[in-house]
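Reviewing the structure listed below.
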Amino acid sequence: MQVDLIEFEKVVNAIVKVPLTSNQFSALVCFAYDIGTSAFKNSTLLKLLNNCQFAEASKQFDRWVKGSNGSTLAGLVRRRKAEKQLFLS
C-alpha cells in the first residue's frame, strides 16, 4: 500500500498547481487513490483548486458518492465527508 500511496502523491504533486497545506495534500491523495488518477485529473475539483477556489473545490467532494449503479453509497458519503473535513482543516 505504501508504494501505491507514493504513486498517488506524485500525481497530486504533478497536477496541483497551487500551494497546499499538509491536510489538503493528504485529503487529495486519499481522494485520488479512491477515484483513480484519470478521474482526478479530469475532475472539476482539480480545476477549481488550480484556480485558487478552495471553498468551491471542497464542495466537489460531496459529488463523488455514487456507486457504479448510480446509487448513493453510505460508505462513500462517510469517506468524502472525512476527506472534505481534512481538506478544510
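Residue names in the C-alpha cells use chain letters A, B, ... in the order shown, residue numbers from 1 in each chain, and ligand numbers from 1 in the order shown.
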Exercise. Contacts of segment 43-50 of chain A at 6 Å or less, counting only C-alpha atoms, minus same-chain residues fewer than 5 places along, as an NGL selection string?
Worked result: :A and (17-18 or 57 or 60)
Problem set entry | Within 12 Å of Ala14 of chain A using only C-alpha atoms, minus same-chain residues under 2 positions, as number ranges by chain | A: 7-12, 16-19, 25, 29, 37, 40-41, 46, 50
Restricting it to N, CA, C and O atoms, dump the selection as an mmCIF file, in the first residue's frame.
data_model
loop_
_atom_site.group_PDB
_atom_site.id
_atom_site.type_symbol
_atom_site.label_atom_id
_atom_site.label_comp_id
_atom_site.auth_asym_id
_atom_site.auth_seq_id
_atom_site.Cartn_x
_atom_site.Cartn_y
_atom_site.Cartn_z
ATOM 1 N N GLU A 7 2.859 6.668 -5.412
ATOM 2 C CA GLU A 7 2.460 6.983 -6.789
ATOM 3 C C GLU A 7 1.376 8.061 -6.822
ATOM 4 O O GLU A 7 1.411 8.968 -7.655
ATOM 5 N N PHE A 8 0.411 7.970 -5.919
ATOM 6 C CA PHE A 8 -0.662 8.967 -5.887
ATOM 7 C C PHE A 8 -0.151 10.312 -5.374
ATOM 8 O O PHE A 8 -0.611 11.360 -5.820
ATOM 9 N N GLU A 9 0.803 10.285 -4.465
ATOM 10 C CA GLU A 9 1.428 11.529 -4.016
ATOM 11 C C GLU A 9 2.118 12.220 -5.192
ATOM 12 O O GLU A 9 2.019 13.437 -5.347
ATOM 13 N N LYS A 10 2.794 11.435 -6.017
ATOM 14 C CA LYS A 10 3.466 12.002 -7.193
ATOM 15 C C LYS A 10 2.465 12.642 -8.144
ATOM 16 O O LYS A 10 2.718 13.721 -8.695
ATOM 17 N N VAL A 11 1.340 11.983 -8.342
ATOM 18 C CA VAL A 11 0.309 12.523 -9.239
ATOM 19 C C VAL A 11 -0.227 13.842 -8.698
ATOM 20 O O VAL A 11 -0.338 14.831 -9.434
ATOM 21 N N VAL A 12 -0.572 13.862 -7.426
ATOM 22 C CA VAL A 12 -1.095 15.093 -6.813
ATOM 23 C C VAL A 12 -0.057 16.210 -6.938
ATOM 24 O O VAL A 12 -0.386 17.332 -7.328
ATOM 25 N N VAL A 16 -1.467 19.385 -9.258
ATOM 26 C CA VAL A 16 -1.966 20.513 -8.460
ATOM 27 C C VAL A 16 -0.959 21.644 -8.585
ATOM 28 O O VAL A 16 0.225 21.468 -8.306
ATOM 29 N N LYS A 17 -1.434 22.783 -9.020
ATOM 30 C CA LYS A 17 -0.552 23.906 -9.343
ATOM 31 C C LYS A 17 -0.561 25.018 -8.300
ATOM 32 O O LYS A 17 0.027 26.064 -8.514
ATOM 33 N N VAL A 18 -1.238 24.789 -7.178
ATOM 34 C CA VAL A 18 -1.310 25.797 -6.122
ATOM 35 C C VAL A 18 -0.711 25.209 -4.845
ATOM 36 O O VAL A 18 -0.686 23.994 -4.671
ATOM 37 N N PRO A 19 -0.223 26.070 -3.956
ATOM 38 C CA PRO A 19 0.312 25.565 -2.691
ATOM 39 C C PRO A 19 -0.804 24.928 -1.847
ATOM 40 O O PRO A 19 -1.934 25.433 -1.819
ATOM 41 N N PHE A 25 -3.219 18.281 1.075
ATOM 42 C CA PHE A 25 -2.482 17.304 0.285
ATOM 43 C C PHE A 25 -2.913 15.879 0.643
ATOM 44 O O PHE A 25 -3.200 15.067 -0.248
ATOM 45 N N VAL A 29 -4.666 13.113 -1.841
ATOM 46 C CA VAL A 29 -4.045 11.818 -2.120
ATOM 47 C C VAL A 29 -5.049 10.703 -1.854
ATOM 48 O O VAL A 29 -5.206 9.788 -2.672
ATOM 49 N N THR A 37 -6.516 8.092 -10.783
ATOM 50 C CA THR A 37 -5.810 9.298 -11.237
ATOM 51 C C THR A 37 -6.467 9.943 -12.455
ATOM 52 O O THR A 37 -6.502 11.163 -12.558
ATOM 53 N N PHE A 40 -9.408 11.920 -11.251
ATOM 54 C CA PHE A 40 -8.937 13.090 -10.509
ATOM 55 C C PHE A 40 -8.392 14.151 -11.465
ATOM 56 O O PHE A 40 -8.703 15.332 -11.335
ATOM 57 N N LYS A 41 -7.605 13.739 -12.439
ATOM 58 C CA LYS A 41 -7.026 14.691 -13.395
ATOM 59 C C LYS A 41 -8.096 15.449 -14.174
ATOM 60 O O LYS A 41 -7.884 16.594 -14.573
ATOM 61 N N LEU A 46 -10.332 19.478 -9.193
ATOM 62 C CA LEU A 46 -8.966 19.893 -9.542
ATOM 63 C C LEU A 46 -8.969 21.225 -10.285
ATOM 64 O O LEU A 46 -8.139 22.095 -10.003
ATOM 65 N N ASN A 50 -7.038 24.447 -8.830
ATOM 66 C CA ASN A 50 -5.953 25.117 -9.558
ATOM 67 C C ASN A 50 -6.284 26.551 -9.932
ATOM 68 O O ASN A 50 -5.396 27.305 -10.335
#
For this session: Please measure the separation of atom CA of Ser68 of chain A and atom CA of Ala27 of chain A, giving the value in Å to one decimal.
Result: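 These atoms are spaced 22.4 Å apart.
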Problem set entry | Sel. of helix (DSSP H, G or I) residues, chain A, as JSON, numbers by chain | {"A": [2, 3, 4, 5, 6, 7, 8, 9, 10, 11, 12, 13, 14, 15, 22, 23, 24, 25, 26, 27, 28, 29, 30, 31, 32, 33, 34, 35, 37, 38, 39, 40, 41, 44, 45, 46, 47, 48, 49, 50, 54, 55, 56, 57, 58, 59, 60, 61, 62, 63, 74, 75, 76, 77, 78, 79, 80, 81, 82, 83, 84, 85, 86, 87, 88]}
For this session: Excluding Glu83 of chain A and residues on its chain fewer than 6 positions from it, collect all residues at most 12 Å away from it, counting only C-alpha atoms, and give them as an MDAnalysis selection string.
Result: chainID A and resid 23:34 58:62 64:65 76:77 89
Problem set entry | Contacts of Gly75 of chain A at 12 Å (only C-alpha atoms; same-chain gap of 4+ positions) as a PyMOL selection string | chain A and resi 64-67+71+79-82
Export of the given selection (N, CA, C and O atoms) as a PDB file, in the first residue's frame:
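result.pdb, written as the output of this step:
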ATOM      1  N   TRP A  64     -18.908  12.924  -5.268  1.00  0.00           N
ATOM      2  CA  TRP A  64     -18.294  11.634  -5.575  1.00  0.00           C
ATOM      3  C   TRP A  64     -18.764  10.549  -4.602  1.00  0.00           C
ATOM      4  O   TRP A  64     -17.961   9.910  -3.924  1.00  0.00           O
ATOM      5  N   VAL A  65     -20.058  10.331  -4.545  1.00  0.00           N
ATOM      6  CA  VAL A  65     -20.628   9.388  -3.570  1.00  0.00           C
ATOM      7  C   VAL A  65     -21.488   8.297  -4.222  1.00  0.00           C
ATOM      8  O   VAL A  65     -22.184   7.574  -3.538  1.00  0.00           O
ATOM      9  N   LYS A  66     -21.416   8.179  -5.525  1.00  0.00           N
ATOM     10  CA  LYS A  66     -22.249   7.219  -6.256  1.00  0.00           C
ATOM     11  C   LYS A  66     -21.477   5.944  -6.559  1.00  0.00           C
ATOM     12  O   LYS A  66     -20.293   5.981  -6.905  1.00  0.00           O
ATOM     13  N   GLY A  67     -22.176   4.822  -6.469  1.00  0.00           N
ATOM     14  CA  GLY A  67     -21.613   3.547  -6.871  1.00  0.00           C
ATOM     15  C   GLY A  67     -21.726   3.381  -8.369  1.00  0.00           C
ATOM     16  O   GLY A  67     -22.268   4.234  -9.076  1.00  0.00           O
ATOM     17  N   SER A  71     -26.325   4.620  -7.575  1.00  0.00           N
ATOM     18  CA  SER A  71     -26.954   4.877  -6.284  1.00  0.00           C
ATOM     19  C   SER A  71     -25.935   5.461  -5.299  1.00  0.00           C
ATOM     20  O   SER A  71     -24.734   5.177  -5.376  1.00  0.00           O
ATOM     21  N   ARG A  79     -16.783   8.581   3.625  1.00  0.00           N
ATOM     22  CA  ARG A  79     -15.399   8.789   3.187  1.00  0.00           C
ATOM     23  C   ARG A  79     -15.203  10.204   2.655  1.00  0.00           C
ATOM     24  O   ARG A  79     -14.231  10.878   2.986  1.00  0.00           O
ATOM     25  N   ARG A  80     -16.114  10.662   1.805  1.00  0.00           N
ATOM     26  CA  ARG A  80     -15.987  12.013   1.240  1.00  0.00           C
ATOM     27  C   ARG A  80     -16.121  13.086   2.323  1.00  0.00           C
ATOM     28  O   ARG A  80     -15.439  14.110   2.272  1.00  0.00           O
ATOM     29  N   LYS A  81     -16.992  12.849   3.288  1.00  0.00           N
ATOM     30  CA  LYS A  81     -17.137  13.797   4.400  1.00  0.00           C
ATOM     31  C   LYS A  81     -15.815  13.912   5.149  1.00  0.00           C
ATOM     32  O   LYS A  81     -15.373  15.021   5.471  1.00  0.00           O
ATOM     33  N   ALA A  82     -15.177  12.780   5.401  1.00  0.00           N
ATOM     34  CA  ALA A  82     -13.896  12.784   6.119  1.00  0.00           C
ATOM     35  C   ALA A  82     -12.812  13.473   5.290  1.00  0.00           C
ATOM     36  O   ALA A  82     -12.017  14.259   5.829  1.00  0.00           O
TER      37      ALA A  82
END
For this session: Tell me, in Å to one decimal, how far atom CA of Arg63 of chain A is from atom CA of Leu88 of chain A.
Result: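 Separating atom CA of Arg63 of chain A from atom CA of Leu88 of chain A is a distance of 16.2 Å.
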